[in-house]
Amino acid sequence: MTSLVSRPSIVHAFEQFREELDDYNDRRERLIKSSRDITNLSKKLIFLLHRTVTEDAIETDDRVLGLRAAARAKGKLAEIQSLFAALRGELAGDRFWHHQRNISPGVQEYIEALSFAHYLEHRTLITYDQVQSTLSDADGIPFFPLSLEDYLLGLADLTGELMRFAIAAISRRGGRQKASDVCSFVRACKADFEGLTPHFKELRKKQSVTAQSLEKIEDAAYAVVVRTSEYDMPPELLDDLVAQTLSRAADHNGFGEESRRKRPREFDYEMNDD
């Protein structure tokens with residue numbers, strides 16, 4: 001008699017377990033898809049920012065250029081933030097910590113794009129509170145808590161975009177100073193992150209990439225300084241000389257063609273920013 005009574009209760013318990021597992025797995029799949037969508041939009045935003053500063057490179061006022069890039073970024077930032085807002089119910093309470101790894105790639109890519117736009121506008125590093133505020137509603141209530149690890153890893157990825165920004169700017173008028181400023185900024189970021197690497201395993205890996213980015217900026221800046229020291233010219237003429245020299249070197253080495261071939265794989269951005 002006891003076995004007859006207990007059998008339905010056991011079956012019912014296992015049915016509940018199945019429903020909970022199905023609910024967990026379905027939510028996990030939805031979050032992974034949303035994270036991919038956020039990642040793709042963030043990559044498009046980064047490409048948009050690079051394209052803006054390249055197209056408007058004739059503008060010598062960094063503040064004007066930064067404001068223009070930030071203005072063009074607002075639409076895509078709002079679109080990404082709306083995707084985060086839609087995840088609020090999925091990540092309520094303890095669910096966030098159960099599924100934090102599922103949305104982490106999208107959050108980090110978003111922080112990379114957001115921090116790049118912030119740097120172009122303010123020439124400073126975006127703070128943790130500023131990032132969290134963009135992931136909150138109009139009343140300042142967060143959609144979900146921002147983990148310190150995601151914040152730091154997103155900022156670590158920013159150094160790669162700053163390296164591309166510096167290399168692209170160095171051959172244009174006023175670009176040598178921009179590259180020097182970026183170099184100092186990336187060097188300071190690397191030094192600040194170094195003290196946190198014992199606490200975050202992934203940050204230690206990203207530090208090696210940051211070191212490579214810093215080395216590329218330093219090599220480019222050093223080569224330009226050495227070459228321009230051979231000429232006694234006004235800064236404007238030196239900028240033109242550097243641009244012409246780099247242009248001839250790119251044509252001779254096929255650098256431009258190689259860059260175009262590698263760009264889709266390196267950036268994985270969509271050309272269309274609509």
# chains A, B, ... in the order shown; residues from 1 in each chain; ligands from 1
>>> closest_atom_pairs(of="range 70-128 of chain A", to="range 140-152 of chain A", cutoff="9 Å", atoms="only C-alpha atoms", output="tab-separated table")
residue	atom	partner	partner_atom	distance
A:Phe84	CA	A:Phe143	CA	7.1
A:Ala85	CA	A:Phe143	CA	5.9
A:Ala86	CA	A:Phe143	CA	8.6
A:Leu87	CA	A:Phe143	CA	7.4
A:Arg88	CA	A:Phe143	CA	5.0
A:Gly89	CA	A:Phe143	CA	8.4
A:Leu91	CA	A:Phe144	CA	6.6
A:Ala92	CA	A:Phe144	CA	7.2
A:Gly93	CA	A:Phe144	CA	8.6
A:Phe96	CA	A:Phe144	CA	7.0
A:Gln100	CA	A:Ser147	CA	8.6
A:Ser104	CA	A:Asp150	CA	6.5
A:Pro105	CA	A:Asp150	CA	8.3
A:Val107	CA	A:Asp150	CA	6.7
A:Gln108	CA	A:Asp150	CA	5.5
A:Ile111	CA	A:Tyr151	CA	6.8
A:Glu112	CA	A:Tyr151	CA	9.0
A:Thr127	CA	A:Tyr151	CA	8.9
A:Tyr128	CA	A:Tyr151	CA	6.8
>>> closest_residue(among="A:Leu153, A:Ala113, A:Ala73, A:Leu125", to="Leu196 in chain A", atoms="only C-alpha atoms")
A:Leu153
>>> closest_atom_pairs(of="range 45-98 of chain A", to="range 156-162 of chain A", cutoff="12 Å", atoms="only C-alpha atoms", output="Markdown table")
| residue | atom | partner | partner_atom | distance |
| --- | --- | --- | --- | --- |
| A:Leu45 | CA | A:Glu161 | CA | 11.8 |
| A:Ile46 | CA | A:Glu161 | CA | 8.1 |
| A:Phe47 | CA | A:Glu161 | CA | 9.7 |
| A:Leu49 | CA | A:Glu161 | CA | 9.9 |
| A:His50 | CA | A:Glu161 | CA | 8.5 |
| A:Val53 | CA | A:Leu162 | CA | 11.8 |
>>> atom_distance(atom1="CA of Ile10 in chain A", atom2="CA of Trp97 in chain A")
29.5 Å
>>> atom_distance(atom1="CA of Met163 in chain A", atom2="CA of Ser213 in chain A")
5.6 Å
>>> decode(residues="range 210-222 of chain A", atoms="all heavy atoms", output="short mmCIF file (atom, residue, chain, number, x, y, z; two decimals), in the first residue's frame")
data_model
loop_
_atom_site.label_atom_id
_atom_site.label_comp_id
_atom_site.auth_asym_id
_atom_site.auth_seq_id
_atom_site.Cartn_x
_atom_site.Cartn_y
_atom_site.Cartn_z
N THR A 210 46.80 43.22 -24.49
CA THR A 210 47.02 44.65 -24.27
C THR A 210 48.48 45.01 -24.46
O THR A 210 48.80 46.06 -25.05
CB THR A 210 46.56 45.04 -22.85
OG1 THR A 210 45.16 44.79 -22.70
CG2 THR A 210 46.84 46.51 -22.58
N ALA A 211 49.37 44.16 -23.99
CA ALA A 211 50.81 44.40 -24.16
C ALA A 211 51.18 44.42 -25.64
O ALA A 211 51.99 45.25 -26.08
CB ALA A 211 51.62 43.33 -23.42
N GLN A 212 50.60 43.53 -26.43
CA GLN A 212 50.86 43.51 -27.87
C GLN A 212 50.34 44.77 -28.54
O GLN A 212 50.99 45.34 -29.41
CB GLN A 212 50.21 42.27 -28.49
CG GLN A 212 50.83 40.96 -28.05
CD GLN A 212 50.07 39.75 -28.55
OE1 GLN A 212 49.13 39.87 -29.34
NE2 GLN A 212 50.43 38.57 -28.08
N SER A 213 49.14 45.22 -28.14
CA SER A 213 48.58 46.45 -28.70
C SER A 213 49.46 47.64 -28.37
O SER A 213 49.73 48.50 -29.23
CB SER A 213 47.16 46.67 -28.16
OG SER A 213 46.29 45.63 -28.56
N LEU A 214 49.92 47.69 -27.14
CA LEU A 214 50.80 48.80 -26.72
C LEU A 214 52.09 48.78 -27.52
O LEU A 214 52.58 49.84 -27.95
CB LEU A 214 51.08 48.68 -25.22
CG LEU A 214 52.00 49.73 -24.62
CD1 LEU A 214 51.43 51.13 -24.82
CD2 LEU A 214 52.22 49.44 -23.13
N GLU A 215 52.63 47.60 -27.74
CA GLU A 215 53.88 47.49 -28.50
C GLU A 215 53.70 47.98 -29.93
O GLU A 215 54.59 48.64 -30.49
CB GLU A 215 54.35 46.04 -28.49
CG GLU A 215 55.70 45.83 -29.18
CD GLU A 215 56.17 44.39 -29.12
OE1 GLU A 215 55.48 43.57 -28.49
OE2 GLU A 215 57.23 44.09 -29.71
N LYS A 216 52.57 47.68 -30.55
CA LYS A 216 52.31 48.12 -31.91
C LYS A 216 52.23 49.65 -31.99
O LYS A 216 52.76 50.26 -32.92
CB LYS A 216 51.02 47.50 -32.43
CG LYS A 216 51.11 46.01 -32.69
CD LYS A 216 49.78 45.45 -33.14
CE LYS A 216 49.86 43.94 -33.35
NZ LYS A 216 48.55 43.36 -33.77
N ILE A 217 51.57 50.26 -31.01
CA ILE A 217 51.49 51.73 -30.99
C ILE A 217 52.87 52.33 -30.81
O ILE A 217 53.25 53.28 -31.50
CB ILE A 217 50.54 52.21 -29.87
CG1 ILE A 217 49.14 51.63 -30.04
CG2 ILE A 217 50.45 53.74 -29.89
CD1 ILE A 217 48.22 51.92 -28.87
N GLU A 218 53.64 51.79 -29.87
CA GLU A 218 54.97 52.31 -29.60
C GLU A 218 55.89 52.16 -30.81
O GLU A 218 56.66 53.09 -31.13
CB GLU A 218 55.57 51.59 -28.39
CG GLU A 218 54.89 51.93 -27.08
CD GLU A 218 55.40 51.10 -25.93
OE1 GLU A 218 55.95 50.00 -26.18
OE2 GLU A 218 55.24 51.54 -24.76
N ASP A 219 55.81 51.02 -31.49
CA ASP A 219 56.65 50.80 -32.67
C ASP A 219 56.32 51.80 -33.77
O ASP A 219 57.22 52.36 -34.41
CB ASP A 219 56.46 49.37 -33.20
CG ASP A 219 57.12 48.34 -32.31
OD1 ASP A 219 57.92 48.74 -31.44
OD2 ASP A 219 56.84 47.14 -32.46
N ALA A 220 55.02 52.01 -34.01
CA ALA A 220 54.60 52.95 -35.05
C ALA A 220 55.03 54.37 -34.70
O ALA A 220 55.56 55.11 -35.54
CB ALA A 220 53.09 52.88 -35.25
N ALA A 221 54.82 54.76 -33.44
CA ALA A 221 55.18 56.11 -33.02
C ALA A 221 56.69 56.31 -33.07
O ALA A 221 57.18 57.37 -33.50
CB ALA A 221 54.65 56.37 -31.61
N TYR A 222 57.43 55.30 -32.66
CA TYR A 222 58.90 55.39 -32.68
C TYR A 222 59.42 55.53 -34.11
O TYR A 222 60.31 56.35 -34.38
CB TYR A 222 59.49 54.15 -32.02
CG TYR A 222 61.00 54.11 -32.06
CD1 TYR A 222 61.77 54.89 -31.19
CD2 TYR A 222 61.67 53.28 -32.96
CE1 TYR A 222 63.16 54.86 -31.23
CE2 TYR A 222 63.06 53.25 -33.00
CZ TYR A 222 63.79 54.03 -32.13
OH TYR A 222 65.16 54.00 -32.17
#
